[in-house]
file structure-v7.txt (compact mmCIF, C-alpha atoms)
# COMPACT_ATOMS: atom_id res chain seq x y z
CA MET A 162 -8.93 -11.12 51.89
CA SER A 163 -6.32 -10.79 54.62
CA LYS A 164 -5.04 -7.41 55.71
CA LEU A 165 -1.65 -8.26 54.22
CA SER A 166 -3.12 -8.86 50.74
CA SER A 167 -5.09 -5.64 50.77
CA ASP A 168 -1.91 -3.79 51.79
CA VAL A 169 -0.20 -5.25 48.74
CA VAL A 170 -3.07 -4.23 46.47
CA SER A 171 -3.05 -0.61 47.61
CA ALA A 172 0.76 -0.43 47.49
CA GLY A 173 0.55 -1.89 43.97
CA SER A 174 -1.69 0.79 42.61
CA GLN A 175 0.59 3.46 44.05
CA LEU A 176 3.59 1.84 42.41
CA VAL A 177 1.74 1.50 39.11
CA GLU A 178 0.85 5.21 39.28
CA ARG A 179 4.45 6.15 39.97
CA VAL A 180 5.58 3.97 37.05
CA HIS A 181 3.08 5.72 34.77
CA HIS A 182 4.53 9.04 35.87
CA GLU A 183 8.13 7.96 35.25
CA LEU A 184 7.16 6.57 31.84
CA SER A 185 5.76 9.96 30.88
CA LEU A 186 9.32 11.26 31.23
CA VAL A 187 10.77 8.68 28.83
CA MET A 188 11.25 10.53 25.58
CA ASP A 189 11.14 9.04 22.14
CA PRO A 190 14.86 8.77 21.25
CA GLU A 191 14.29 9.91 17.64
CA ILE A 192 11.84 12.70 18.49
CA PRO A 193 13.01 13.87 21.92
CA VAL A 194 10.17 16.37 22.42
CA VAL A 195 7.51 13.71 22.89
CA SER A 196 7.26 10.94 25.47
CA VAL A 197 6.47 7.32 24.82
CA VAL A 198 3.22 7.84 26.73
CA GLU A 199 2.14 10.75 24.51
CA MET A 200 3.04 8.69 21.44
CA GLY A 201 0.52 6.12 22.66
CA MET A 202 2.99 3.27 22.92
CA ILE A 203 2.00 1.96 26.36
CA ASN A 204 -0.55 -0.87 26.32
CA SER A 205 -0.49 -1.64 30.04
CA VAL A 206 1.41 -1.35 33.28
CA THR A 207 0.72 -4.03 35.86
CA GLU A 208 2.18 -5.14 39.15
CA THR A 209 2.29 -8.87 38.57
CA SER A 210 3.60 -9.67 42.03
CA GLU A 211 4.70 -7.43 44.85
CA GLY A 212 7.29 -4.96 43.58
CA HIS A 213 7.44 -6.56 40.13
CA ILE A 214 6.26 -4.40 37.26
CA ARG A 215 5.44 -5.48 33.74
CA VAL A 216 5.13 -2.82 31.07
CA ALA A 217 3.54 -3.97 27.81
CA PHE A 218 4.29 -1.61 24.96
CA SER A 219 3.39 -1.55 21.32
CA PRO A 220 6.16 -0.24 19.06
CA THR A 221 5.30 2.17 16.27
CA PHE A 222 6.96 0.68 13.19
CA ALA A 223 8.04 -2.98 13.34
CA GLY A 224 11.53 -2.26 12.04
CA CYS A 225 12.11 0.72 14.30
CA PRO A 226 15.74 0.48 15.41
CA ALA A 227 14.94 2.35 18.61
CA VAL A 228 12.79 -0.43 20.07
CA GLU A 229 15.53 -1.88 22.27
CA VAL A 230 16.57 1.56 23.53
CA ILE A 231 12.98 2.43 24.35
CA ALA A 232 12.46 -0.87 26.16
CA ARG A 233 15.57 -0.34 28.23
CA ASP A 234 14.54 3.23 29.09
CA MET A 235 11.12 1.99 30.16
CA GLU A 236 12.65 -0.68 32.37
CA ASN A 237 14.88 1.93 34.02
CA ALA A 238 11.86 4.18 34.52
CA ALA A 239 9.99 1.42 36.33
CA ILE A 240 12.95 0.81 38.65
CA LYS A 241 13.27 4.53 39.27
CA ALA A 242 9.59 4.58 40.22
CA GLY A 243 10.36 2.04 42.94
CA ALA A 244 9.81 -1.35 41.32
CA THR A 245 12.07 -4.07 42.68
CA THR A 246 12.17 -5.76 39.32
CA ALA A 247 10.72 -4.78 35.97
CA GLU A 248 10.17 -6.39 32.61
CA VAL A 249 9.14 -4.75 29.38
CA THR A 250 7.27 -6.87 26.89
CA LEU A 251 6.25 -6.16 23.32
CA SER A 252 2.54 -6.31 22.78
CA TYR A 253 0.55 -6.20 19.55
CA ASN A 254 -2.89 -6.36 21.02
CA PRO A 255 -4.05 -3.70 20.56
CA PRO A 256 -1.55 -2.77 17.85
CA TRP A 257 -0.15 0.72 17.76
CA THR A 258 -1.75 3.09 15.26
CA SER A 259 -0.85 6.73 14.69
CA ASP A 260 -4.30 7.70 16.00
CA ARG A 261 -2.92 6.87 19.45
CA ILE A 262 -0.67 9.94 19.31
CA SER A 263 -2.17 12.44 21.75
CA GLU A 264 -3.39 15.91 20.72
CA GLU A 265 -0.62 17.49 22.75
CA ALA A 266 2.02 15.32 21.12
CA ARG A 267 0.74 16.40 17.70
CA SER A 268 1.39 20.06 18.48
CA LYS A 269 4.79 19.20 19.89
CA LEU A 270 5.64 17.32 16.68
CA LEU A 271 4.59 20.38 14.69
CA SER A 272 6.74 22.74 16.77
CA PHE A 273 9.61 20.29 16.33
CA GLY A 274 9.18 20.74 12.56
CA LEU A 275 7.60 17.36 11.93
CA ALA A 276 4.14 17.36 10.33
CA PRO A 277 1.86 15.11 12.40
CA PRO A 278 0.05 12.23 10.67
CA PRO A 279 -3.53 12.77 9.53
CA VAL A 280 -6.15 11.45 11.94
CA ALA A 281 -8.50 8.88 10.53
CA SER A 282 -11.95 10.41 10.81
CA SER A 283 -13.65 7.05 10.64
CA GLY A 284 -11.81 5.68 13.65
CA SER A 285 -9.45 3.36 11.83
CA THR A 286 -6.25 4.52 10.20
CA LEU A 287 -6.65 1.77 7.62
CA HIS A 288 -9.15 4.00 5.84
CA LEU A 289 -6.39 6.51 5.15
CA PHE A 290 -5.07 3.93 2.73
CA ASP A 291 -8.28 3.72 0.69
CA SER A 292 -7.17 6.52 -1.56
CA GLU A 293 -3.66 6.67 -2.93
CA TYR A 294 -2.69 9.95 -1.27
CA ASP A 295 -4.88 10.57 1.78
CA ALA A 296 -2.10 9.24 3.96
CA TYR A 297 0.10 12.13 2.88
CA LYS A 298 -2.30 15.08 3.24
CA THR A 299 -0.49 17.53 5.42
CA SER A 300 0.23 21.19 6.15
CA CYS A 301 3.66 22.77 6.16
CA PRO A 302 5.06 23.02 9.71
CA ASN A 303 6.89 26.18 8.69
CA CYS A 304 4.16 28.32 7.07
CA GLY A 305 0.97 26.27 7.45
CA SER A 306 0.27 26.02 3.72
CA ASP A 307 -1.62 23.00 2.37
CA HIS A 308 0.10 23.44 -0.95
CA ASN A 309 2.90 20.94 -0.73
CA ARG A 310 4.38 18.11 -2.74
CA LEU A 311 5.28 14.61 -1.62
CA VAL A 312 8.91 14.08 -2.57
CA ASN A 313 9.38 10.59 -1.15
CA PRO A 314 7.00 8.33 0.75
CA PHE A 315 10.11 7.05 2.50
CA GLY A 316 12.41 9.16 4.63
CA PRO A 317 15.36 9.09 7.01
CA THR A 318 13.53 6.84 9.48
CA PRO A 319 10.77 4.26 8.93
CA CYS A 320 8.18 6.66 10.35
CA ARG A 321 8.78 9.63 8.05
CA ALA A 322 7.90 10.81 4.55
CA LEU A 323 9.50 13.78 2.79
CA HIS A 324 7.61 16.78 1.41
CA VAL A 325 8.45 20.18 -0.04
CA CYS A 326 6.20 23.18 0.61
CA GLU A 327 5.31 24.92 -2.64
CA SER A 328 4.52 28.13 -0.76
CA CYS A 329 7.60 28.76 1.34
CA GLN A 330 9.84 26.27 -0.50
CA GLU A 331 10.98 24.59 2.72
CA PRO A 332 11.39 20.81 2.73
CA PHE A 333 9.82 19.07 5.71
CA GLU A 334 9.22 15.60 7.09
CA GLN A 335 5.86 14.12 7.92
CA PHE A 336 5.16 11.41 10.48
CA LYS A 337 3.53 8.70 8.39
CA PRO A 338 0.09 7.48 9.44
CA LEU A 339 -0.06 3.81 10.39
CA MET B 208 -2.00 -26.46 20.89
CA SER B 209 -0.92 -30.08 20.34
CA ASP B 210 2.75 -30.89 19.92
CA SER B 211 2.38 -31.78 16.25
CA THR B 212 0.38 -28.60 15.52
CA SER B 213 3.05 -26.63 17.32
CA VAL B 214 5.78 -28.16 15.14
CA GLU B 215 3.80 -27.39 11.99
CA MET B 216 3.05 -23.85 13.10
CA ARG B 217 6.72 -23.29 13.89
CA ASP B 218 7.61 -24.34 10.35
CA TYR B 219 4.95 -22.04 8.91
CA PHE B 220 6.24 -19.08 10.92
CA LEU B 221 9.80 -19.89 9.82
CA GLN B 222 8.71 -19.85 6.17
CA LEU B 223 7.44 -16.33 6.78
CA ALA B 224 10.34 -15.15 8.92
CA ASP B 225 13.15 -16.56 6.78
CA SER B 226 11.67 -15.10 3.58
CA GLU B 227 11.37 -11.64 5.15
CA LEU B 228 14.91 -11.79 6.47
CA VAL B 229 16.40 -12.92 3.16
CA LEU B 230 14.41 -10.35 1.18
CA GLY B 231 15.38 -7.64 3.66
CA HIS B 232 19.01 -8.58 3.28
CA ARG B 233 18.82 -8.63 -0.52
CA ASN B 234 17.24 -5.19 -0.60
CA SER B 235 19.85 -3.84 1.78
CA GLU B 236 22.48 -4.68 -0.84
CA TRP B 237 21.26 -1.62 -2.77
CA THR B 238 22.28 0.77 0.02
CA GLY B 239 24.48 3.38 -1.59
CA HIS B 240 24.03 1.84 -5.05
CA ALA B 241 20.43 2.49 -6.03
CA PRO B 242 19.88 4.31 -9.34
CA ILE B 243 18.62 7.50 -7.68
CA LEU B 244 18.83 8.90 -4.15
CA GLU B 245 15.10 8.69 -3.42
CA GLU B 246 15.08 5.01 -4.29
CA ASP B 247 18.17 4.37 -2.19
CA ILE B 248 16.23 5.77 0.76
CA ALA B 249 13.06 3.92 -0.18
CA ILE B 250 14.68 0.50 -0.57
CA ALA B 251 16.62 0.94 2.67
CA ASN B 252 13.34 1.68 4.47
CA ILE B 253 11.60 -1.28 2.86
CA SER B 254 14.52 -3.49 3.80
CA LEU B 255 14.45 -2.31 7.40
CA ASP B 256 10.70 -2.91 7.61
CA GLU B 257 11.19 -6.44 6.28
CA ILE B 258 13.83 -7.23 8.86
CA GLY B 259 11.41 -5.88 11.47
CA HIS B 260 8.71 -8.18 10.14
CA ALA B 261 11.14 -11.11 10.19
CA ARG B 262 11.80 -10.31 13.84
CA LEU B 263 8.07 -10.44 14.57
CA TRP B 264 7.68 -13.87 12.97
CA TYR B 265 10.82 -15.18 14.72
CA ARG B 266 9.28 -14.04 17.99
CA ALA B 267 6.16 -16.01 17.07
CA VAL B 268 8.40 -19.07 16.71
CA SER B 269 10.01 -18.22 20.02
CA ASP B 270 6.62 -18.09 21.73
CA LEU B 271 5.99 -21.65 20.57
CA SER B 272 9.36 -23.25 21.03
CA GLY B 273 11.37 -20.99 23.31
CA GLU B 274 14.11 -20.65 20.68
CA ASP B 275 16.00 -17.38 20.64
CA PRO B 276 15.17 -15.25 17.55
CA ASP B 277 18.78 -14.20 17.07
CA ARG B 278 19.91 -17.82 17.01
CA LEU B 279 17.21 -18.66 14.50
CA ALA B 280 18.34 -15.84 12.22
CA PHE B 281 22.10 -16.12 12.55
CA PHE B 282 22.94 -19.68 13.45
CA ARG B 283 20.94 -21.81 11.04
CA ASN B 284 22.43 -22.91 7.74
CA ALA B 285 20.98 -22.84 4.21
CA SER B 286 19.47 -26.32 4.41
CA GLN B 287 17.59 -25.29 7.56
CA PHE B 288 16.22 -22.07 6.11
CA ARG B 289 12.62 -22.04 4.88
CA SER B 290 12.77 -19.03 2.57
CA SER B 291 11.43 -19.13 -0.99
CA GLN B 292 13.77 -19.24 -3.98
CA LEU B 293 12.06 -16.11 -5.26
CA VAL B 294 13.47 -13.98 -2.46
CA GLU B 295 16.85 -15.72 -2.50
CA GLN B 296 17.63 -14.61 -6.07
CA PRO B 297 20.46 -12.08 -6.31
CA LYS B 298 19.23 -8.52 -6.60
CA GLY B 299 19.89 -8.21 -10.35
CA ASP B 300 19.15 -4.84 -11.91
CA TRP B 301 16.61 -2.36 -10.56
CA ALA B 302 13.83 -3.80 -12.74
CA PHE B 303 14.46 -7.26 -11.30
CA THR B 304 14.50 -6.04 -7.71
CA ILE B 305 11.35 -3.95 -8.03
CA LEU B 306 9.38 -6.61 -9.92
CA ARG B 307 10.40 -9.21 -7.34
CA GLN B 308 9.31 -6.76 -4.67
CA PHE B 309 5.93 -6.24 -6.32
CA LEU B 310 5.34 -9.99 -6.57
CA ALA B 311 6.36 -10.51 -2.93
CA ASP B 312 4.36 -7.49 -1.67
CA SER B 313 1.17 -8.38 -3.50
CA ALA B 314 1.37 -11.98 -2.27
CA GLU B 315 2.04 -10.87 1.27
CA ARG B 316 -0.88 -8.44 1.31
CA LEU B 317 -3.25 -11.20 0.27
CA LEU B 318 -1.80 -13.60 2.80
CA LEU B 319 -2.07 -11.07 5.63
CA THR B 320 -5.73 -10.40 4.80
CA HIS B 321 -6.38 -14.08 5.43
CA LEU B 322 -4.13 -14.40 8.47
CA ALA B 323 -6.13 -11.53 10.00
CA THR B 324 -9.03 -13.99 10.33
CA SER B 325 -6.98 -16.89 11.65
CA ASN B 326 -8.21 -18.58 14.79
CA LEU B 327 -4.70 -18.16 16.20
CA GLU B 328 -4.39 -14.87 18.11
CA MET B 329 -0.70 -14.52 17.24
CA CYS B 330 -1.48 -14.57 13.50
CA VAL B 331 -4.26 -12.02 13.87
CA ASP B 332 -2.12 -9.64 15.94
CA LEU B 333 0.92 -9.79 13.68
CA ALA B 334 -1.13 -9.55 10.49
CA ALA B 335 -2.73 -6.38 11.86
CA LYS B 336 0.69 -4.93 12.70
CA ILE B 337 2.36 -5.78 9.40
CA ALA B 338 -0.44 -5.04 6.89
CA PRO B 339 -0.37 -1.21 6.96
CA GLU B 340 3.42 -1.18 6.56
CA GLU B 341 3.12 -3.58 3.64
CA THR B 342 0.65 -1.21 1.99
CA TYR B 343 3.38 1.39 1.69
CA HIS B 344 5.70 -1.18 0.10
CA PHE B 345 3.06 -2.48 -2.27
CA ARG B 346 2.14 0.94 -3.58
CA HIS B 347 5.74 1.77 -4.16
CA SER B 348 6.73 -1.41 -5.99
CA ARG B 349 3.55 -1.43 -8.05
CA SER B 350 4.08 2.14 -9.23
CA TRP B 351 7.66 1.38 -10.28
CA VAL B 352 6.63 -1.76 -12.20
CA LYS B 353 4.12 0.36 -14.07
CA ARG B 354 6.60 3.15 -14.77
CA LEU B 355 9.32 0.85 -16.05
CA ALA B 356 7.01 -1.49 -17.97
CA LEU B 357 5.46 1.46 -19.79
CA GLY B 358 8.67 3.46 -20.01
CA THR B 359 11.35 3.19 -22.65
CA ALA B 360 12.17 0.21 -24.86
CA GLU B 361 15.06 -0.58 -22.53
CA SER B 362 13.06 -0.39 -19.30
CA ARG B 363 10.34 -2.54 -20.87
CA ARG B 364 12.90 -5.13 -21.99
CA ARG B 365 14.49 -5.29 -18.55
CA MET B 366 11.08 -5.68 -16.89
CA GLN B 367 10.09 -8.44 -19.28
CA ASP B 368 13.41 -10.25 -18.72
CA ALA B 369 12.84 -10.02 -14.98
CA LEU B 370 9.33 -11.43 -15.32
CA ASP B 371 10.60 -14.32 -17.46
CA THR B 372 12.95 -15.32 -14.64
CA LEU B 373 10.68 -14.63 -11.68
CA TRP B 374 7.33 -15.99 -12.87
CA PRO B 375 8.20 -19.71 -12.61
CA LEU B 376 9.56 -19.10 -9.10
CA THR B 377 6.19 -17.81 -7.89
CA SER B 378 5.03 -21.41 -7.43
CA GLN B 379 6.68 -21.28 -4.01
CA ILE B 380 5.87 -17.68 -3.14
CA PHE B 381 3.26 -18.61 -0.53
CA PRO B 382 4.25 -20.54 2.58
CA SER B 383 2.83 -24.03 2.79
CA PRO B 384 0.90 -25.04 5.84
CA SER B 385 0.27 -28.72 6.39
CA ALA B 386 -3.21 -29.85 5.34
CA GLU B 387 -4.18 -30.19 9.01
CA LEU B 388 -3.04 -26.66 9.80
CA ALA B 389 -5.03 -25.17 6.93
CA ALA B 390 -8.09 -27.24 7.81
CA SER B 391 -7.83 -26.13 11.44
CA GLY B 392 -8.36 -22.46 10.55
CA ALA B 393 -4.93 -21.36 11.75
CA THR B 394 -3.75 -20.54 8.22
CA PRO B 395 -5.34 -20.13 4.78
CA ASP B 396 -4.97 -22.76 2.09
CA SER B 397 -2.07 -21.73 -0.12
CA ALA B 398 -3.20 -23.38 -3.35
CA GLU B 399 -6.42 -21.36 -3.22
CA LEU B 400 -4.54 -18.19 -2.35
CA PHE B 401 -2.15 -18.69 -5.23
CA GLY B 402 -5.01 -18.86 -7.75
CA VAL B 403 -6.56 -15.62 -6.48
CA TRP B 404 -3.20 -13.91 -6.37
CA ALA B 405 -2.09 -15.04 -9.82
CA ASP B 406 -5.39 -13.87 -11.36
CA SER B 407 -4.97 -10.35 -10.01
CA VAL B 408 -1.26 -10.15 -10.82
CA GLU B 409 -1.76 -11.40 -14.37
CA SER B 410 -4.43 -8.83 -14.98
CA PHE B 411 -2.18 -6.03 -13.69
CA LEU B 412 0.73 -7.26 -15.79
CA THR B 413 -1.48 -7.28 -18.87
CA GLU B 414 -2.53 -3.69 -18.12
CA VAL B 415 1.13 -2.66 -18.18
CA SER B 416 1.87 -4.71 -21.27
CA LEU B 417 4.03 -7.35 -19.66
CA VAL B 418 3.60 -10.96 -20.75
CA THR B 419 3.91 -13.92 -18.42
CA PRO B 420 6.27 -16.46 -19.99
CA GLY B 421 4.57 -18.93 -22.30
CA GLY B 422 3.05 -22.19 -21.22
CA GLU B 423 0.93 -23.01 -18.23
CA ARG B 424 0.61 -20.84 -15.20
CA PRO B 425 2.66 -22.18 -12.27
CA VAL B 426 0.77 -23.91 -9.48
CA HIS B 427 1.44 -23.56 -5.79
CA GLU B 428 3.99 -25.98 -4.41
CA ALA B 429 5.55 -26.51 -1.06
CA ARG B 430 9.01 -25.03 -0.68
CA SER B 431 11.75 -27.48 -1.41
CA GLY B 432 15.36 -26.80 -2.09
CA HIS B 433 17.10 -23.47 -2.23
CA SER B 434 18.76 -21.26 -4.75
CA LYS B 435 22.54 -21.70 -4.84
CA SER B 436 22.67 -18.02 -3.92
CA LEU B 437 21.32 -18.63 -0.44
CA ALA B 438 24.47 -20.11 1.11
CA PRO B 439 26.71 -17.17 0.09
CA LEU B 440 24.01 -14.74 1.31
CA LEU B 441 23.89 -16.40 4.72
CA ALA B 442 27.68 -16.58 4.91
CA GLU B 443 27.80 -12.83 4.48
CA MET B 444 24.83 -12.02 6.67
CA GLN B 445 25.90 -14.30 9.51
CA GLU B 446 29.62 -13.60 9.31
CA VAL B 447 29.88 -11.06 12.10
CA ALA B 448 27.66 -13.08 14.46
CA HIS B 449 29.83 -16.16 13.86
CA LEU B 450 33.10 -14.33 14.48
CA GLU B 451 32.42 -14.26 18.18
CA GLU B 452 29.53 -16.44 19.25
CA GLY B 453 27.69 -15.13 22.26
CA ALA B 454 28.99 -11.59 21.88
CA ALA B 455 26.66 -9.01 23.40
CA TRP B 456 25.71 -6.06 21.22
call {"tool": "encode", "arguments": {"input": "structure-v7.txt", "output": "structure tokens"}}
result
Amino acid sequence: MSKLSSDVVSAGSQLVERVHHELSLVMDPEIPVVSVVEMGMINSVTETSEGHIRVAFSPTFAGCPAVEVIARDMENAAIKAGATTAEVTLSYNPPWTSDRISEEARSKLLSFGLAPPPVASSGSTLHLFDSEYDAYKTSCPNCGSDHNRLVNPFGPTPCRALHVCESCQEPFEQFKPL
Amino acid sequence: MSDSTSVEMRDYFLQLADSELVLGHRNSEWTGHAPILEEDIAIANISLDEIGHARLWYRAVSDLSGEDPDRLAFFRNASQFRSSQLVEQPKGDWAFTILRQFLADSAERLLLTHLATSNLEMCVDLAAKIAPEETYHFRHSRSWVKRLALGTAESRRRMQDALDTLWPLTSQIFPSPSAELAASGATPDSAELFGVWADSVESFLTEVSLVTPGGERPVHEARSGHSKSLAPLLAEMQEVAHLEEGAAW
């Protein structure tokens, strides 16, 4: 390998690192307290040729209207990190599941007032769908009670369900497991 | 992939994409008009998901042919669409909409289970993405069919009327791959799928005291022809896009 190529390789990994950092500052437009990185949306960041960055991301819900906004924000983040050109592609391998939401993001969701989705203990969120209601087991973000009632499996955005806490009587939204 | 396989796969993906888009549009017609607020929210969500799924399948077409998904959705006419007549039907009353939804959801779930084992990576990836979202739809539509079928005399009558209209249309509910495509392992065989699906649906309908209209069970057929309701639907759905072609949103 010539000296020039190895220079490109080391410069690439620095750029990729900087892109990762900038991406961690791109917030989810609907839930502005968590970043797209914490939400587990990034599949890969690669420098495909010198200065050119490709970000592959896996959207949460297929019909999410924020997909284009998120893609544009990611592209801007890559440029800000120093990429000459950037492209953001949608990737479904591996597909996004709610288990990809980081621990830290879960507590941020809770502080935001949004109950985080249950984690699938078996390693695949599909098992949350075995029983009719496991997907909706949640605690109240306001008082912590487990005594709550599912009002609507569908909410104001594709990712949310609506509950009412029977203890403190507050309504709250839950991020649906997927 | 050979050219002819590519053409056949494109058609298969369009059967999926066009049906999702049409169904999504039909369901969106309830926005602001659903019988209760929770269902207005639910059907709007389901509709949005379906449009999202349509977008995924249009992208699959795009990967094969390079065609732009927006052009596929907004600049093809009724004779070019590959949607099923089942989804094209006007929304009717709530019983009609929710029974149609249940039939479509249960068929889709079965189809996705099989597409998840396709030898085409695109099918496997998209099936994995769509299936969990479909589960939410399926549970919802199934529970409403049960509630209305076992509800009052009026809700039962409306459900039965809906079934009488929809059941014959199920013959085209599954997309039709060419024989070569099915044999190649890219897609499941639809005639087989239909039999499995119809068995499980009939047994559920019997549980909730609905009766499939008399005579023989429909058999799977390839999609041919469209409901006369499709052209007006497309005229409405595509109207804004056609007003100024090439406009950037």
call {"tool": "interface_residues", "arguments": {"input": "structure-v7.txt", "of": "chain A", "to": "chain B", "cutoff": "8 Å", "atoms": "all atoms listed in the file", "output": "ChimeraX atom specification"}}
result
/A:222-225,253-257,287,290,313-319,339
call {"tool": "residues_around", "arguments": {"input": "structure-v7.txt", "residues": "stretch 435-442 of chain B", "least_positions_apart": "6", "cutoff": "12 Å", "atoms": "all atoms listed in the file", "output": "PyMOL selection string"}}
result
chain B and resi 225-226+228-236+280-298+448-450
call {"tool": "atom_distance", "arguments": {"input": "structure-v7.txt", "atom1": "atom CA of A:His182", "atom2": "atom CA of A:Thr258"}}
result
22.4 Å
call {"tool": "atom_distance", "arguments": {"input": "structure-v7.txt", "atom1": "atom CA of B:Ser348", "atom2": "atom CA of A:Glu334"}}
result
21.6 Å
call {"tool": "atom_distance", "arguments": {"input": "structure-v7.txt", "atom1": "atom CA of A:Gly305", "atom2": "atom CA of A:Leu323"}}
result
15.8 Å
call {"tool": "closest_residue", "arguments": {"input": "structure-v7.txt", "among": "A:Thr209, A:Asn237, A:Ser328, A:Thr246", "to": "A:Ser174", "atoms": "all atoms listed in the file"}}
result
A:Thr209
call {"tool": "residues_around", "arguments": {"input": "structure-v7.txt", "residues": "B:Asp406", "least_positions_apart": "4", "cutoff": "12 Å", "atoms": "only C-alpha atoms", "output": "JSON, numbers by chain"}}
result
{"B": [313, 314, 399, 400, 401, 402, 410, 411, 412, 413, 419, 424, 425, 426]}
call {"tool": "residues_around", "arguments": {"input": "structure-v7.txt", "residues": "A:Arg215", "least_positions_apart": "4", "cutoff": "9 Å", "atoms": "all atoms listed in the file", "output": "tab-separated table (two decimals) with C-alpha atoms, keeping the file's coordinate frame"}}
result
chain	number	residue	atom	x	y	z
A	205	SER	CA	-0.49	-1.64	30.04
A	206	VAL	CA	1.41	-1.35	33.28
A	207	THR	CA	0.72	-4.03	35.86
A	208	GLU	CA	2.18	-5.14	39.15
A	209	THR	CA	2.29	-8.87	38.57
A	236	GLU	CA	12.65	-0.68	32.37
A	239	ALA	CA	9.99	1.42	36.33
A	246	THR	CA	12.17	-5.76	39.32
A	247	ALA	CA	10.72	-4.78	35.97
A	248	GLU	CA	10.17	-6.39	32.61
A	249	VAL	CA	9.14	-4.75	29.38
A	250	THR	CA	7.27	-6.87	26.89
call {"tool": "residues_around", "arguments": {"input": "structure-v7.txt", "residues": "B:Arg217", "least_positions_apart": "4", "cutoff": "8 Å", "atoms": "all atoms listed in the file", "output": "PDB file with C-alpha atoms, keeping the file's coordinate frame"}}
result
ATOM      1  CA  SER B 213       3.050 -26.630  17.320  1.00  0.00           C
ATOM      2  CA  LEU B 221       9.800 -19.890   9.820  1.00  0.00           C
ATOM      3  CA  ALA B 267       6.160 -16.010  17.070  1.00  0.00           C
ATOM      4  CA  VAL B 268       8.400 -19.070  16.710  1.00  0.00           C
ATOM      5  CA  LEU B 271       5.990 -21.650  20.570  1.00  0.00           C
ATOM      6  CA  SER B 272       9.360 -23.250  21.030  1.00  0.00           C
TER       7      SER B 272
END
call {"tool": "closest_residue", "arguments": {"input": "structure-v7.txt", "among": "A:Leu186, A:Ser219, A:Ile214, A:Pro226", "to": "A:Met202", "atoms": "all atoms listed in the file"}}
result
A:Ser219
call {"tool": "decode", "arguments": {"input": "structure-v7.txt", "residues": "stretch 201-211 of chain A", "atoms": "N, CA, C and O atoms", "output": "PDB file, in the first residue's frame"}}
result
ATOM      1  N   GLY A 201     -30.773   4.512  18.302  1.00  0.00           N
ATOM      2  CA  GLY A 201     -30.320   3.297  17.625  1.00  0.00           C
ATOM      3  C   GLY A 201     -30.603   3.277  16.140  1.00  0.00           C
ATOM      4  O   GLY A 201     -30.687   2.212  15.529  1.00  0.00           O
ATOM      5  N   MET A 202     -30.728   4.457  15.532  1.00  0.00           N
ATOM      6  CA  MET A 202     -31.122   4.484  14.127  1.00  0.00           C
ATOM      7  C   MET A 202     -29.960   4.300  13.146  1.00  0.00           C
ATOM      8  O   MET A 202     -30.163   4.023  11.976  1.00  0.00           O
ATOM      9  N   ILE A 203     -28.722   4.491  13.619  1.00  0.00           N
ATOM     10  CA  ILE A 203     -27.593   4.452  12.681  1.00  0.00           C
ATOM     11  C   ILE A 203     -27.137   3.012  12.444  1.00  0.00           C
ATOM     12  O   ILE A 203     -26.799   2.304  13.402  1.00  0.00           O
ATOM     13  N   ASN A 204     -27.146   2.575  11.198  1.00  0.00           N
ATOM     14  CA  ASN A 204     -26.631   1.249  10.869  1.00  0.00           C
ATOM     15  C   ASN A 204     -25.136   1.305  10.591  1.00  0.00           C
ATOM     16  O   ASN A 204     -24.382   0.453  11.047  1.00  0.00           O
ATOM     17  N   SER A 205     -24.705   2.300   9.819  1.00  0.00           N
ATOM     18  CA  SER A 205     -23.266   2.415   9.554  1.00  0.00           C
ATOM     19  C   SER A 205     -22.906   3.792   9.039  1.00  0.00           C
ATOM     20  O   SER A 205     -23.735   4.509   8.487  1.00  0.00           O
ATOM     21  N   VAL A 206     -21.642   4.137   9.277  1.00  0.00           N
ATOM     22  CA  VAL A 206     -21.068   5.363   8.705  1.00  0.00           C
ATOM     23  C   VAL A 206     -19.787   4.940   8.010  1.00  0.00           C
ATOM     24  O   VAL A 206     -18.904   4.360   8.651  1.00  0.00           O
ATOM     25  N   THR A 207     -19.706   5.170   6.718  1.00  0.00           N
ATOM     26  CA  THR A 207     -18.474   4.780   6.017  1.00  0.00           C
ATOM     27  C   THR A 207     -17.979   5.891   5.107  1.00  0.00           C
ATOM     28  O   THR A 207     -18.770   6.686   4.585  1.00  0.00           O
ATOM     29  N   GLU A 208     -16.665   5.935   4.949  1.00  0.00           N
ATOM     30  CA  GLU A 208     -16.075   6.868   3.996  1.00  0.00           C
ATOM     31  C   GLU A 208     -15.860   6.062   2.723  1.00  0.00           C
ATOM     32  O   GLU A 208     -14.938   5.244   2.649  1.00  0.00           O
ATOM     33  N   THR A 209     -16.719   6.254   1.757  1.00  0.00           N
ATOM     34  CA  THR A 209     -16.692   5.408   0.572  1.00  0.00           C
ATOM     35  C   THR A 209     -15.590   5.813  -0.410  1.00  0.00           C
ATOM     36  O   THR A 209     -15.107   4.990  -1.168  1.00  0.00           O
ATOM     37  N   SER A 210     -15.259   7.078  -0.402  1.00  0.00           N
ATOM     38  CA  SER A 210     -14.077   7.542  -1.141  1.00  0.00           C
ATOM     39  C   SER A 210     -13.630   8.799  -0.395  1.00  0.00           C
ATOM     40  O   SER A 210     -14.367   9.290   0.460  1.00  0.00           O
ATOM     41  N   GLU A 211     -12.468   9.283  -0.716  1.00  0.00           N
ATOM     42  CA  GLU A 211     -11.916  10.336   0.148  1.00  0.00           C
ATOM     43  C   GLU A 211     -12.866  11.522   0.313  1.00  0.00           C
ATOM     44  O   GLU A 211     -13.274  12.150  -0.669  1.00  0.00           O
TER      45      GLU A 211
END
